[in-house]
file entry.cif (mmCIF, C-alpha atoms; chains and numbers go by the auth columns)
data_model
loop_
_atom_site.group_PDB
_atom_site.id
_atom_site.type_symbol
_atom_site.label_atom_id
_atom_site.label_comp_id
_atom_site.label_asym_id
_atom_site.label_seq_id
_atom_site.Cartn_x
_atom_site.Cartn_y
_atom_site.Cartn_z
_atom_site.B_iso_or_equiv
_atom_site.auth_seq_id
_atom_site.auth_asym_id
ATOM 1 C CA MET A 1 0.000 0.000 0.000 0.00 126 A
ATOM 2 C CA ASP A 2 1.220 3.493 -0.853 0.00 127 A
ATOM 3 C CA LEU A 3 0.026 5.980 1.764 0.00 128 A
ATOM 4 C CA ASP A 4 0.760 8.865 -0.605 0.00 129 A
ATOM 5 C CA THR A 5 -2.117 7.724 -2.810 0.00 130 A
ATOM 6 C CA TYR A 6 -4.434 6.103 -0.244 0.00 131 A
ATOM 7 C CA PHE A 7 -7.389 8.511 -0.124 0.00 132 A
ATOM 8 C CA PRO A 8 -8.553 7.945 3.495 0.00 133 A
ATOM 9 C CA TYR A 9 -5.020 8.579 4.741 0.00 134 A
ATOM 10 C CA LEU A 10 -4.526 11.663 2.551 0.00 135 A
ATOM 11 C CA LEU A 11 -7.818 13.138 3.695 0.00 136 A
ATOM 12 C CA ALA A 12 -7.214 12.472 7.394 0.00 137 A
ATOM 13 C CA SER A 13 -3.598 13.653 7.254 0.00 138 A
ATOM 14 C CA SER A 14 -4.460 16.884 5.423 0.00 139 A
ATOM 15 C CA ALA A 15 -7.381 17.636 7.738 0.00 140 A
ATOM 16 C CA GLU A 16 -5.189 17.059 10.787 0.00 141 A
ATOM 17 C CA SER A 17 -2.395 19.273 9.448 0.00 142 A
ATOM 18 C CA PHE A 18 -4.838 22.062 8.597 0.00 143 A
ATOM 19 C CA SER A 19 -6.476 21.785 12.006 0.00 144 A
ATOM 20 C CA ARG A 20 -3.110 21.940 13.800 0.00 145 A
ATOM 21 C CA LYS A 21 -2.337 25.259 12.123 0.00 146 A
ATOM 22 C CA LEU A 22 -5.652 26.686 13.310 0.00 147 A
ATOM 23 C CA VAL A 23 -5.002 25.375 16.837 0.00 148 A
ATOM 24 C CA GLU A 24 -1.902 27.562 16.843 0.00 149 A
ATOM 25 C CA VAL A 25 -4.261 30.562 16.758 0.00 150 A
ATOM 26 C CA TYR A 26 -7.097 29.660 19.132 0.00 151 A
ATOM 27 C CA GLY A 27 -5.030 27.344 21.312 0.00 152 A
ATOM 28 C CA ARG A 28 -1.875 29.337 21.843 0.00 153 A
ATOM 29 C CA THR A 29 -3.448 32.779 21.913 0.00 154 A
ATOM 30 C CA TYR A 30 -6.753 32.003 23.632 0.00 155 A
ATOM 31 C CA GLY A 31 -6.101 28.755 25.490 0.00 156 A
ATOM 32 C CA LEU A 32 -8.909 26.753 23.913 0.00 157 A
ATOM 33 C CA SER A 33 -8.681 23.092 22.986 0.00 158 A
ATOM 34 C CA ARG A 34 -9.857 21.866 19.596 0.00 159 A
ATOM 35 C CA GLU A 35 -13.026 20.500 21.192 0.00 160 A
ATOM 36 C CA GLU A 36 -13.730 23.781 23.004 0.00 161 A
ATOM 37 C CA TRP A 37 -13.188 25.739 19.770 0.00 162 A
ATOM 38 C CA ARG A 38 -15.625 23.516 17.874 0.00 163 A
ATOM 39 C CA LEU A 39 -18.347 23.931 20.490 0.00 164 A
ATOM 40 C CA LEU A 40 -17.843 27.688 20.741 0.00 165 A
ATOM 41 C CA LEU A 41 -17.877 28.016 16.939 0.00 166 A
ATOM 42 C CA LEU A 42 -21.173 26.160 16.674 0.00 167 A
ATOM 43 C CA LEU A 43 -22.810 27.903 19.621 0.00 168 A
ATOM 44 C CA ALA A 44 -21.711 31.374 18.536 0.00 169 A
ATOM 45 C CA ASP A 45 -23.307 30.657 15.164 0.00 170 A
ATOM 46 C CA ALA A 46 -26.460 28.787 16.237 0.00 171 A
ATOM 47 C CA GLY A 47 -27.142 30.462 19.565 0.00 172 A
ATOM 48 C CA GLU A 48 -28.503 27.322 21.217 0.00 173 A
ATOM 49 C CA LEU A 49 -27.992 23.613 20.562 0.00 174 A
ATOM 50 C CA THR A 50 -28.764 20.392 22.392 0.00 175 A
ATOM 51 C CA SER A 51 -26.085 17.935 23.443 0.00 176 A
ATOM 52 C CA LEU A 52 -27.151 15.593 20.620 0.00 177 A
ATOM 53 C CA GLU A 53 -26.919 18.346 18.009 0.00 178 A
ATOM 54 C CA LEU A 54 -23.465 19.316 19.262 0.00 179 A
ATOM 55 C CA ALA A 55 -22.212 15.740 19.173 0.00 180 A
ATOM 56 C CA LYS A 56 -23.547 15.294 15.648 0.00 181 A
ATOM 57 C CA ARG A 57 -22.222 18.590 14.269 0.00 182 A
ATOM 58 C CA THR A 58 -18.766 18.448 15.873 0.00 183 A
ATOM 59 C CA THR A 59 -17.870 14.807 15.144 0.00 184 A
ATOM 60 C CA LEU A 60 -17.177 14.522 18.876 0.00 185 A
ATOM 61 C CA ASP A 61 -18.728 11.858 21.055 0.00 186 A
ATOM 62 C CA LYS A 62 -21.009 12.695 23.983 0.00 187 A
ATOM 63 C CA VAL A 63 -18.186 12.434 26.527 0.00 188 A
ATOM 64 C CA GLN A 64 -15.942 14.814 24.563 0.00 189 A
ATOM 65 C CA VAL A 65 -18.825 17.275 24.197 0.00 190 A
ATOM 66 C CA SER A 66 -19.582 17.076 27.910 0.00 191 A
ATOM 67 C CA ARG A 67 -15.958 17.614 28.967 0.00 192 A
ATOM 68 C CA ALA A 68 -15.393 20.513 26.562 0.00 193 A
ATOM 69 C CA ALA A 69 -18.698 22.069 27.609 0.00 194 A
ATOM 70 C CA THR A 70 -17.730 21.809 31.271 0.00 195 A
ATOM 71 C CA ARG A 71 -14.455 23.629 30.582 0.00 196 A
ATOM 72 C CA LEU A 72 -16.236 26.323 28.551 0.00 197 A
ATOM 73 C CA GLN A 73 -18.820 26.727 31.292 0.00 198 A
ATOM 74 C CA GLU A 74 -16.058 27.091 33.908 0.00 199 A
ATOM 75 C CA LYS A 75 -14.575 29.853 31.727 0.00 200 A
ATOM 76 C CA ARG A 76 -18.069 31.428 31.603 0.00 201 A
ATOM 77 C CA LEU A 77 -18.159 31.214 27.810 0.00 202 A
ATOM 78 C CA ILE A 78 -21.284 29.042 27.609 0.00 203 A
ATOM 79 C CA LEU A 79 -24.289 28.112 29.719 0.00 204 A
ATOM 80 C CA ARG A 80 -25.668 24.610 30.097 0.00 205 A
ATOM 81 C CA SER A 81 -29.200 23.779 31.187 0.00 206 A
ATOM 82 C CA VAL A 82 -31.647 20.868 31.087 0.00 207 A
ATOM 83 C CA ASP A 83 -33.935 20.719 28.050 0.00 208 A
ATOM 84 C CA LYS A 84 -37.523 21.278 29.219 0.00 209 A
ATOM 85 C CA THR A 85 -38.993 18.949 26.583 0.00 210 A
ATOM 86 C CA ASP A 86 -36.506 16.095 27.099 0.00 211 A
ATOM 87 C CA ARG A 87 -34.784 16.071 30.482 0.00 212 A
ATOM 88 C CA ARG A 88 -32.131 13.639 29.211 0.00 213 A
ATOM 89 C CA LEU A 89 -30.744 16.361 26.950 0.00 214 A
ATOM 90 C CA ARG A 90 -28.698 19.404 27.820 0.00 215 A
ATOM 91 C CA LEU A 91 -29.144 22.768 26.133 0.00 216 A
ATOM 92 C CA TYR A 92 -26.045 24.821 25.447 0.00 217 A
ATOM 93 C CA THR A 93 -25.955 28.554 24.758 0.00 218 A
ATOM 94 C CA CYS A 94 -23.122 31.008 24.233 0.00 219 A
ATOM 95 C CA THR A 95 -22.783 33.750 26.863 0.00 220 A
ATOM 96 C CA GLU A 96 -22.070 37.378 26.021 0.00 221 A
ATOM 97 C CA LYS A 97 -18.484 36.766 27.114 0.00 222 A
ATOM 98 C CA GLY A 98 -18.339 33.740 24.804 0.00 223 A
ATOM 99 C CA GLN A 99 -19.770 35.732 21.891 0.00 224 A
ATOM 100 C CA ALA A 100 -17.259 38.519 22.502 0.00 225 A
ATOM 101 C CA LEU A 101 -14.331 36.102 22.656 0.00 226 A
ATOM 102 C CA PHE A 102 -15.506 34.357 19.519 0.00 227 A
ATOM 103 C CA ALA A 103 -15.893 37.694 17.711 0.00 228 A
ATOM 104 C CA GLU A 104 -12.298 38.514 18.634 0.00 229 A
ATOM 105 C CA MET A 105 -10.904 35.076 17.744 0.00 230 A
ATOM 106 C CA PHE A 106 -12.738 34.195 14.560 0.00 231 A
ATOM 107 C CA PRO A 107 -11.117 36.801 12.282 0.00 232 A
ATOM 108 C CA LYS A 108 -7.678 35.598 13.392 0.00 233 A
ATOM 109 C CA VAL A 109 -8.547 31.947 12.785 0.00 234 A
ATOM 110 C CA GLU A 110 -10.095 32.862 9.435 0.00 235 A
ATOM 111 C CA THR A 111 -6.959 34.833 8.461 0.00 236 A
ATOM 112 C CA CYS A 112 -4.828 31.774 9.196 0.00 237 A
ATOM 113 C CA ALA A 113 -7.132 29.498 7.179 0.00 238 A
ATOM 114 C CA ASP A 114 -7.222 31.978 4.300 0.00 239 A
ATOM 115 C CA ALA A 115 -3.419 32.226 4.308 0.00 240 A
ATOM 116 C CA ILE A 116 -3.120 28.454 3.968 0.00 241 A
ATOM 117 C CA LEU A 117 -5.819 28.203 1.310 0.00 242 A
ATOM 118 C CA GLY A 118 -4.312 31.196 -0.466 0.00 243 A
ATOM 119 C CA ASN A 119 -1.344 28.988 -1.327 0.00 244 A
ATOM 120 C CA MET A 120 -3.643 26.944 -3.563 0.00 245 A
ATOM 121 C CA GLU A 121 -4.590 27.766 -7.130 0.00 246 A
ATOM 122 C CA ALA A 122 -8.169 29.085 -7.331 0.00 247 A
ATOM 123 C CA ASP A 123 -9.212 26.173 -9.575 0.00 248 A
ATOM 124 C CA ASP A 124 -7.740 23.649 -7.123 0.00 249 A
ATOM 125 C CA LEU A 125 -9.525 25.267 -4.172 0.00 250 A
ATOM 126 C CA ALA A 126 -12.840 25.274 -6.059 0.00 251 A
ATOM 127 C CA ALA A 127 -12.313 21.620 -7.031 0.00 252 A
ATOM 128 C CA LEU A 128 -11.447 20.715 -3.439 0.00 253 A
ATOM 129 C CA THR A 129 -14.564 22.454 -2.135 0.00 254 A
ATOM 130 C CA ARG A 130 -16.754 20.680 -4.694 0.00 255 A
ATOM 131 C CA GLY A 131 -15.049 17.396 -3.907 0.00 256 A
ATOM 132 C CA LEU A 132 -15.544 17.720 -0.151 0.00 257 A
ATOM 133 C CA LYS A 133 -19.226 18.553 -0.644 0.00 258 A
ATOM 134 C CA ALA A 134 -19.579 15.564 -2.983 0.00 259 A
ATOM 135 C CA LEU A 135 -17.795 13.352 -0.454 0.00 260 A
ATOM 136 C CA GLN A 136 -20.168 14.438 2.328 0.00 261 A
ATOM 137 C CA ALA A 137 -23.170 13.785 0.074 0.00 262 A
ATOM 138 C CA ALA A 138 -21.791 10.315 -0.733 0.00 263 A
ATOM 139 C CA ILE A 139 -21.286 9.584 2.973 0.00 264 A
ATOM 140 C CA ASP A 140 -24.838 10.727 3.750 0.00 265 A
ATOM 141 C CA GLN A 141 -26.196 8.551 0.927 0.00 266 A
ATOM 142 C CA TYR A 142 -24.189 5.573 2.158 0.00 267 A
ATOM 143 C CA ALA A 143 -25.642 6.024 5.650 0.00 268 A
ATOM 144 C CA GLN A 144 -29.188 6.222 4.255 0.00 269 A
ATOM 145 C CA ASP A 145 -28.631 3.120 2.138 0.00 270 A
ATOM 146 C CA LYS A 146 -27.374 1.190 5.187 0.00 271 A
ATOM 147 C CA LEU A 147 -30.480 2.251 7.157 0.00 272 A
ATOM 148 C CA LYS A 148 -32.749 1.045 4.363 0.00 273 A
ATOM 149 C CA LEU A 149 -30.981 -2.322 4.247 0.00 274 A
ATOM 150 C CA ALA A 150 -31.220 -2.688 8.030 0.00 275 A
ATOM 151 C CA SER A 151 -34.995 -2.085 8.037 0.00 276 A
#
call {"tool": "encode", "arguments": {"input": "entry.cif", "output": "structure tokens"}}
result
Amino acid sequence: MDLDTYFPYLLASSAESFSRKLVEVYGRTYGLSREEWRLLLLLADAGELTSLELAKRTTLDKVQVSRAATRLQEKRLILRSVDKTDRRLRLYTCTEKGQALFAEMFPKVETCADAILGNMEADDLAALTRGLKALQAAIDQYAQDKLKLAS
């Protein structure tokens, strides 16, 4: 096997390398872990999400979400409460302090991402974006097909 041409390895390795560069911004400057950044990003955008929605949208498991949320709550960046319609779920919201921190951080993270992506040819970046969207659609279709077969 040649790892330089094995697609799952290339995808995972590139995503990890890209993510590490972004961690240099929000981790070193603001002291957030990757998991904390993902939760804050989603909550600053959505306003309020349940624990299930966070786990699904971050690719983190429930334990990782819970631990990152606890740290963010201790830093007073988010609030956590019990969902009134389903007491098994937790509701997460971004505090004003969390929104302010995110507003300060995001442009710096975006500048770093843009600097990396700026090293790509415009056609390559457009192709990559299309390819990633197509990959996600294929993954979603695969999951739906498996559900149909299981029923």
call {"tool": "atom_distance", "arguments": {"input": "entry.cif", "atom1": "CA of Leu157 in chain A", "atom2": "CA of Leu197 in chain A"}}
result
8.7 Å
call {"tool": "residues_around", "arguments": {"input": "entry.cif", "residues": "Ile241 in chain A", "least_positions_apart": "3", "cutoff": "12 Å", "atoms": "only C-alpha atoms", "output": "number ranges by chain"}}
result
A: 139, 142-147, 234-238, 244-246, 250
call {"tool": "write_last_selection", "arguments": {"input": "entry.cif", "atoms": "C-alpha atoms", "output": "mmCIF file, in the frame of the given file"}}
result
data_model
loop_
_atom_site.group_PDB
_atom_site.id
_atom_site.type_symbol
_atom_site.label_atom_id
_atom_site.label_comp_id
_atom_site.auth_asym_id
_atom_site.auth_seq_id
_atom_site.Cartn_x
_atom_site.Cartn_y
_atom_site.Cartn_z
ATOM 1 C CA SER A 139 -4.460 16.884 5.423
ATOM 2 C CA SER A 142 -2.395 19.273 9.448
ATOM 3 C CA PHE A 143 -4.838 22.062 8.597
ATOM 4 C CA SER A 144 -6.476 21.785 12.006
ATOM 5 C CA ARG A 145 -3.110 21.940 13.800
ATOM 6 C CA LYS A 146 -2.337 25.259 12.123
ATOM 7 C CA LEU A 147 -5.652 26.686 13.310
ATOM 8 C CA VAL A 234 -8.547 31.947 12.785
ATOM 9 C CA GLU A 235 -10.095 32.862 9.435
ATOM 10 C CA THR A 236 -6.959 34.833 8.461
ATOM 11 C CA CYS A 237 -4.828 31.774 9.196
ATOM 12 C CA ALA A 238 -7.132 29.498 7.179
ATOM 13 C CA ASN A 244 -1.344 28.988 -1.327
ATOM 14 C CA MET A 245 -3.643 26.944 -3.563
ATOM 15 C CA GLU A 246 -4.590 27.766 -7.130
ATOM 16 C CA LEU A 250 -9.525 25.267 -4.172
#
call {"tool": "resolve_selection", "arguments": {"input": "entry.cif", "expression": "the PyMOL selection byres ((chain A and resi 158) around 12)", "output": "JSON list (two decimals) with C-alpha atoms, in the coordinates of the input"}}
result
[["chain", "number", "residue", "atom", "x", "y", "z"],
["A", 144, "SER", "CA", -6.48, 21.78, 12.01],
["A", 145, "ARG", "CA", -3.11, 21.94, 13.80],
["A", 147, "LEU", "CA", -5.65, 26.69, 13.31],
["A", 148, "VAL", "CA", -5.00, 25.38, 16.84],
["A", 149, "GLU", "CA", -1.90, 27.56, 16.84],
["A", 150, "VAL", "CA", -4.26, 30.56, 16.76],
["A", 151, "TYR", "CA", -7.10, 29.66, 19.13],
["A", 152, "GLY", "CA", -5.03, 27.34, 21.31],
["A", 153, "ARG", "CA", -1.88, 29.34, 21.84],
["A", 154, "THR", "CA", -3.45, 32.78, 21.91],
["A", 155, "TYR", "CA", -6.75, 32.00, 23.63],
["A", 156, "GLY", "CA", -6.10, 28.76, 25.49],
["A", 157, "LEU", "CA", -8.91, 26.75, 23.91],
["A", 159, "ARG", "CA", -9.86, 21.87, 19.60],
["A", 160, "GLU", "CA", -13.03, 20.50, 21.19],
["A", 161, "GLU", "CA", -13.73, 23.78, 23.00],
["A", 162, "TRP", "CA", -13.19, 25.74, 19.77],
["A", 163, "ARG", "CA", -15.62, 23.52, 17.87],
["A", 164, "LEU", "CA", -18.35, 23.93, 20.49],
["A", 165, "LEU", "CA", -17.84, 27.69, 20.74],
["A", 189, "GLN", "CA", -15.94, 14.81, 24.56],
["A", 190, "VAL", "CA", -18.82, 17.27, 24.20],
["A", 192, "ARG", "CA", -15.96, 17.61, 28.97],
["A", 193, "ALA", "CA", -15.39, 20.51, 26.56],
["A", 194, "ALA", "CA", -18.70, 22.07, 27.61],
["A", 196, "ARG", "CA", -14.46, 23.63, 30.58],
["A", 197, "LEU", "CA", -16.24, 26.32, 28.55]]
call {"tool": "closest_residue", "arguments": {"input": "entry.cif", "among": "A:Lys271, A:Ala171, A:Leu136, A:Tyr217", "to": "Leu253 in chain A", "atoms": "all atoms listed in the file"}}
result
A:Leu136
call {"tool": "resolve_selection", "arguments": {"input": "entry.cif", "expression": "the PyMOL selection byres ((chain A and resi 205-213) around 10)", "output": "short mmCIF file (atom, residue, chain, number, x, y, z; two decimals) with C-alpha atoms, keeping the file's coordinate frame"}}
result
data_model
loop_
_atom_site.label_atom_id
_atom_site.label_comp_id
_atom_site.auth_asym_id
_atom_site.auth_seq_id
_atom_site.Cartn_x
_atom_site.Cartn_y
_atom_site.Cartn_z
CA GLU A 173 -28.50 27.32 21.22
CA LEU A 174 -27.99 23.61 20.56
CA THR A 175 -28.76 20.39 22.39
CA SER A 176 -26.08 17.93 23.44
CA SER A 191 -19.58 17.08 27.91
CA ALA A 194 -18.70 22.07 27.61
CA THR A 195 -17.73 21.81 31.27
CA LEU A 197 -16.24 26.32 28.55
CA GLN A 198 -18.82 26.73 31.29
CA ILE A 203 -21.28 29.04 27.61
CA LEU A 204 -24.29 28.11 29.72
CA LEU A 214 -30.74 16.36 26.95
CA ARG A 215 -28.70 19.40 27.82
CA LEU A 216 -29.14 22.77 26.13
CA TYR A 217 -26.04 24.82 25.45
CA THR A 218 -25.96 28.55 24.76
CA CYS A 219 -23.12 31.01 24.23
#
call {"tool": "decode", "arguments": {"input": "entry.cif", "residues": "range 166-205 of chain A", "atoms": "N, CA and C atoms", "output": "PDB file, in the first residue's frame"}}
result
ATOM      1  N   LEU A 166     -17.571  27.667  18.325  1.00  0.00           N
ATOM      2  CA  LEU A 166     -17.877  28.016  16.939  1.00  0.00           C
ATOM      3  C   LEU A 166     -19.344  27.730  16.623  1.00  0.00           C
ATOM      4  N   LEU A 167     -19.789  26.541  16.958  1.00  0.00           N
ATOM      5  CA  LEU A 167     -21.173  26.160  16.674  1.00  0.00           C
ATOM      6  C   LEU A 167     -22.171  26.970  17.492  1.00  0.00           C
ATOM      7  N   LEU A 168     -21.876  27.177  18.762  1.00  0.00           N
ATOM      8  CA  LEU A 168     -22.810  27.903  19.621  1.00  0.00           C
ATOM      9  C   LEU A 168     -22.846  29.397  19.297  1.00  0.00           C
ATOM     10  N   ALA A 169     -21.715  29.963  18.927  1.00  0.00           N
ATOM     11  CA  ALA A 169     -21.711  31.374  18.536  1.00  0.00           C
ATOM     12  C   ALA A 169     -22.537  31.568  17.277  1.00  0.00           C
ATOM     13  N   ASP A 170     -22.545  30.571  16.413  1.00  0.00           N
ATOM     14  CA  ASP A 170     -23.307  30.657  15.164  1.00  0.00           C
ATOM     15  C   ASP A 170     -24.786  30.344  15.382  1.00  0.00           C
ATOM     16  N   ALA A 171     -25.071  29.260  16.100  1.00  0.00           N
ATOM     17  CA  ALA A 171     -26.460  28.787  16.237  1.00  0.00           C
ATOM     18  C   ALA A 171     -27.206  29.441  17.393  1.00  0.00           C
ATOM     19  N   GLY A 172     -26.495  29.888  18.393  1.00  0.00           N
ATOM     20  CA  GLY A 172     -27.142  30.462  19.565  1.00  0.00           C
ATOM     21  C   GLY A 172     -27.439  29.428  20.629  1.00  0.00           C
ATOM     22  N   GLU A 173     -28.150  28.369  20.249  1.00  0.00           N
ATOM     23  CA  GLU A 173     -28.503  27.322  21.217  1.00  0.00           C
ATOM     24  C   GLU A 173     -28.561  25.983  20.494  1.00  0.00           C
ATOM     25  N   LEU A 174     -27.962  24.969  21.112  1.00  0.00           N
ATOM     26  CA  LEU A 174     -27.992  23.613  20.562  1.00  0.00           C
ATOM     27  C   LEU A 174     -28.111  22.616  21.703  1.00  0.00           C
ATOM     28  N   THR A 175     -28.696  21.465  21.400  1.00  0.00           N
ATOM     29  CA  THR A 175     -28.764  20.392  22.392  1.00  0.00           C
ATOM     30  C   THR A 175     -27.463  19.600  22.362  1.00  0.00           C
ATOM     31  N   SER A 176     -27.276  18.774  23.381  1.00  0.00           N
ATOM     32  CA  SER A 176     -26.085  17.935  23.443  1.00  0.00           C
ATOM     33  C   SER A 176     -26.010  17.000  22.242  1.00  0.00           C
ATOM     34  N   LEU A 177     -27.146  16.481  21.791  1.00  0.00           N
ATOM     35  CA  LEU A 177     -27.151  15.593  20.620  1.00  0.00           C
ATOM     36  C   LEU A 177     -26.752  16.345  19.357  1.00  0.00           C
ATOM     37  N   GLU A 178     -27.269  17.545  19.190  1.00  0.00           N
ATOM     38  CA  GLU A 178     -26.919  18.346  18.009  1.00  0.00           C
ATOM     39  C   GLU A 178     -25.431  18.682  18.010  1.00  0.00           C
ATOM     40  N   LEU A 179     -24.894  19.015  19.172  1.00  0.00           N
ATOM     41  CA  LEU A 179     -23.465  19.316  19.262  1.00  0.00           C
ATOM     42  C   LEU A 179     -22.620  18.099  18.908  1.00  0.00           C
ATOM     43  N   ALA A 180     -22.979  16.950  19.452  1.00  0.00           N
ATOM     44  CA  ALA A 180     -22.212  15.740  19.173  1.00  0.00           C
ATOM     45  C   ALA A 180     -22.246  15.423  17.673  1.00  0.00           C
ATOM     46  N   LYS A 181     -23.406  15.593  17.072  1.00  0.00           N
ATOM     47  CA  LYS A 181     -23.547  15.294  15.648  1.00  0.00           C
ATOM     48  C   LYS A 181     -22.762  16.289  14.784  1.00  0.00           C
ATOM     49  N   ARG A 182     -22.826  17.554  15.112  1.00  0.00           N
ATOM     50  CA  ARG A 182     -22.222  18.590  14.269  1.00  0.00           C
ATOM     51  C   ARG A 182     -20.730  18.787  14.506  1.00  0.00           C
ATOM     52  N   THR A 183     -20.190  18.261  15.591  1.00  0.00           N
ATOM     53  CA  THR A 183     -18.766  18.448  15.873  1.00  0.00           C
ATOM     54  C   THR A 183     -17.931  17.221  15.563  1.00  0.00           C
ATOM     55  N   THR A 184     -18.528  16.108  15.293  1.00  0.00           N
ATOM     56  CA  THR A 184     -17.870  14.807  15.144  1.00  0.00           C
ATOM     57  C   THR A 184     -17.228  14.351  16.451  1.00  0.00           C
ATOM     58  N   LEU A 185     -17.653  14.938  17.562  1.00  0.00           N
ATOM     59  CA  LEU A 185     -17.177  14.522  18.876  1.00  0.00           C
ATOM     60  C   LEU A 185     -18.208  13.593  19.496  1.00  0.00           C
ATOM     61  N   ASP A 186     -17.760  12.698  20.359  1.00  0.00           N
ATOM     62  CA  ASP A 186     -18.728  11.858  21.055  1.00  0.00           C
ATOM     63  C   ASP A 186     -19.306  12.619  22.250  1.00  0.00           C
ATOM     64  N   LYS A 187     -20.311  12.012  22.887  1.00  0.00           N
ATOM     65  CA  LYS A 187     -21.009  12.695  23.983  1.00  0.00           C
ATOM     66  C   LYS A 187     -20.077  13.048  25.141  1.00  0.00           C
ATOM     67  N   VAL A 188     -19.124  12.183  25.424  1.00  0.00           N
ATOM     68  CA  VAL A 188     -18.186  12.434  26.527  1.00  0.00           C
ATOM     69  C   VAL A 188     -17.290  13.626  26.198  1.00  0.00           C
ATOM     70  N   GLN A 189     -16.788  13.686  24.965  1.00  0.00           N
ATOM     71  CA  GLN A 189     -15.942  14.814  24.563  1.00  0.00           C
ATOM     72  C   GLN A 189     -16.722  16.123  24.608  1.00  0.00           C
ATOM     73  N   VAL A 190     -17.980  16.077  24.153  1.00  0.00           N
ATOM     74  CA  VAL A 190     -18.825  17.275  24.197  1.00  0.00           C
ATOM     75  C   VAL A 190     -19.022  17.709  25.643  1.00  0.00           C
ATOM     76  N   SER A 191     -19.329  16.757  26.510  1.00  0.00           N
ATOM     77  CA  SER A 191     -19.582  17.076  27.910  1.00  0.00           C
ATOM     78  C   SER A 191     -18.350  17.689  28.579  1.00  0.00           C
ATOM     79  N   ARG A 192     -17.190  17.107  28.345  1.00  0.00           N
ATOM     80  CA  ARG A 192     -15.958  17.614  28.967  1.00  0.00           C
ATOM     81  C   ARG A 192     -15.598  19.010  28.453  1.00  0.00           C
ATOM     82  N   ALA A 193     -15.700  19.196  27.129  1.00  0.00           N
ATOM     83  CA  ALA A 193     -15.393  20.513  26.562  1.00  0.00           C
ATOM     84  C   ALA A 193     -16.402  21.544  27.052  1.00  0.00           C
ATOM     85  N   ALA A 194     -17.661  21.147  27.136  1.00  0.00           N
ATOM     86  CA  ALA A 194     -18.698  22.069  27.609  1.00  0.00           C
ATOM     87  C   ALA A 194     -18.450  22.452  29.061  1.00  0.00           C
ATOM     88  N   THR A 195     -18.030  21.511  29.871  1.00  0.00           N
ATOM     89  CA  THR A 195     -17.730  21.809  31.271  1.00  0.00           C
ATOM     90  C   THR A 195     -16.611  22.844  31.366  1.00  0.00           C
ATOM     91  N   ARG A 196     -15.563  22.664  30.566  1.00  0.00           N
ATOM     92  CA  ARG A 196     -14.455  23.629  30.582  1.00  0.00           C
ATOM     93  C   ARG A 196     -14.915  25.000  30.101  1.00  0.00           C
ATOM     94  N   LEU A 197     -15.726  25.040  29.052  1.00  0.00           N
ATOM     95  CA  LEU A 197     -16.236  26.323  28.551  1.00  0.00           C
ATOM     96  C   LEU A 197     -17.158  26.990  29.569  1.00  0.00           C
ATOM     97  N   GLN A 198     -17.930  26.174  30.265  1.00  0.00           N
ATOM     98  CA  GLN A 198     -18.820  26.727  31.292  1.00  0.00           C
ATOM     99  C   GLN A 198     -17.997  27.291  32.451  1.00  0.00           C
ATOM    100  N   GLU A 199     -16.934  26.593  32.842  1.00  0.00           N
ATOM    101  CA  GLU A 199     -16.058  27.091  33.908  1.00  0.00           C
ATOM    102  C   GLU A 199     -15.401  28.413  33.514  1.00  0.00           C
ATOM    103  N   LYS A 200     -15.156  28.604  32.229  1.00  0.00           N
ATOM    104  CA  LYS A 200     -14.575  29.853  31.727  1.00  0.00           C
ATOM    105  C   LYS A 200     -15.659  30.913  31.485  1.00  0.00           C
ATOM    106  N   ARG A 201     -16.901  30.544  31.772  1.00  0.00           N
ATOM    107  CA  ARG A 201     -18.069  31.428  31.603  1.00  0.00           C
ATOM    108  C   ARG A 201     -18.293  31.846  30.144  1.00  0.00           C
ATOM    109  N   LEU A 202     -17.972  30.937  29.235  1.00  0.00           N
ATOM    110  CA  LEU A 202     -18.159  31.214  27.810  1.00  0.00           C
ATOM    111  C   LEU A 202     -19.470  30.635  27.279  1.00  0.00           C
ATOM    112  N   ILE A 203     -19.995  29.621  27.981  1.00  0.00           N
ATOM    113  CA  ILE A 203     -21.284  29.042  27.609  1.00  0.00           C
ATOM    114  C   ILE A 203     -22.098  28.761  28.866  1.00  0.00           C
ATOM    115  N   LEU A 204     -23.386  28.551  28.654  1.00  0.00           N
ATOM    116  CA  LEU A 204     -24.289  28.112  29.719  1.00  0.00           C
ATOM    117  C   LEU A 204     -24.853  26.760  29.325  1.00  0.00           C
ATOM    118  N   ARG A 205     -25.093  25.937  30.326  1.00  0.00           N
ATOM    119  CA  ARG A 205     -25.668  24.610  30.097  1.00  0.00           C
ATOM    120  C   ARG A 205     -26.881  24.480  30.991  1.00  0.00           C
TER     121      ARG A 205
END
